[in-house]
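Just below is one structure, and these are the notes that go with it.
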Amino acid sequence: MALSDYVNRKYDYLALRNTTGPGERKLGLELFNKDSPGQITAGVQKLAQRWLLEFLTEEGSIPGLPERGSNFMRAARTGLFRTNINVRTEFALADLKIRKTLRAEEPSTMPNDEKFGSAEITNIAVLPGFDASQKSGTSAAFLSLGVKITSLAGDVREIVFPIEILP
């Protein structure tokens with residue numbers, strides 16, 4: 001976005017970097033680094049960040065806001081992801097909750113490119129992890145999840161992120 005795109009808009013700090021384009025890139029959680037004093041975001045990228053932060057927050061983990069988040073990370077942490085169907089089921093449950101939460105906090109004055117439209121899984125891959133301290137094998141595994149976030153304006157942002165899971 002150009003600077004003019006931020007005029008008369010509310011913006012957010014860009015906390016999740018490398019969500020701007022296609023291709024394999026590491027998704028980093030950082031407000032600033034040695035090369036950048038920080039960035040701001042608006043539009044569908046801001047929406048994707050809002051969605052992802054809600055998705056990765058375990059429900060009940062924020063004191064004073066026990067309803068925020070979803071149970072997807074709890075399912076990952078407790079070893080419920082044995083098949084793609086398990087992942088899709090937990091995603092659907094999380095999506096229903098997040099949809100309700102995000103829409104409840106979106107005022108009518110918010111631009112449609114920042115309002116939540118939908119989220120859908122585009123890719124699921126389980127990647128085994130390896131613990132070198134154990135001679136015989138795996139410790140944790142990783143779920144690589146691709147999700148397409150669509151705003152009410154029809155703008156799309158696809159994000160791919162890893163989640164540590166129990167094998």
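For the structure tokens, the naming scheme is as follows: chains receive sequential letters (A, B, ...) according to their order of presentation, residues are indexed from 1 within each chain, and ligands are indexed from 1 in presentation order.
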Name the residues in contact with range 144-150 of chain A at a cut-off of 7 Å, using only C-alpha atoms, excluding same-chain residues fewer than 3 positions from it; report them as a ChimeraX atom specification. /A:48,116-126,154-163
Would you mind listing what lies within 6 Å of range 49-58 of chain A as a PyMOL selection string, with only C-alpha atoms counted and same-chain residues fewer than 6 positions away left out? chain A and resi 69-71+73
Pick from A:Pro63, A:Leu152, A:Thr89, A:Thr101 nearest to Ala75 in chain A, counting only C-alpha atoms: A:Thr89
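Our summary of the geometry notes that CA of Pro66 in chain A is positioned 16.7 Å from CA of Leu96 in chain A.
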Please report the interatomic distance between CA of Ala104 in chain A and CA of Arg77 in chain A in Å with one decimal.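 Computing the Euclidean distance for CA of Ala104 in chain A and CA of Arg77 in chain A yields 27.9 Å.
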CA of Arg103 in chain A to CA of Arg74 in chain A measures 23.1 Å
Based on DSSP run over this structure's backbone, return all residues of range 48-117 of chain A in alpha helix (DSSP H), as number ranges by chain. A: 48-56, 72-77, 84-104
All residues 8 Å or closer to Pro111 in chain A, only C-alpha atoms, same chain fewer than 3 positions away omitted, as a PDB file with N, CA and C atoms, in the first residue's frame:
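This went into around-v1.pdb:
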ATOM      1  N   GLY A  43      -6.157  -2.674   5.394  1.00  0.00           N
ATOM      2  CA  GLY A  43      -6.744  -3.487   4.340  1.00  0.00           C
ATOM      3  C   GLY A  43      -6.764  -4.964   4.674  1.00  0.00           C
ATOM      4  N   GLU A 114     -11.320  -4.543   5.261  1.00  0.00           N
ATOM      5  CA  GLU A 114     -10.832  -4.948   6.580  1.00  0.00           C
ATOM      6  C   GLU A 114     -11.865  -5.752   7.354  1.00  0.00           C
ATOM      7  N   LYS A 115     -13.051  -5.919   6.782  1.00  0.00           N
ATOM      8  CA  LYS A 115     -14.104  -6.707   7.432  1.00  0.00           C
ATOM      9  C   LYS A 115     -13.986  -8.170   7.000  1.00  0.00           C
TER      10      LYS A 115
END
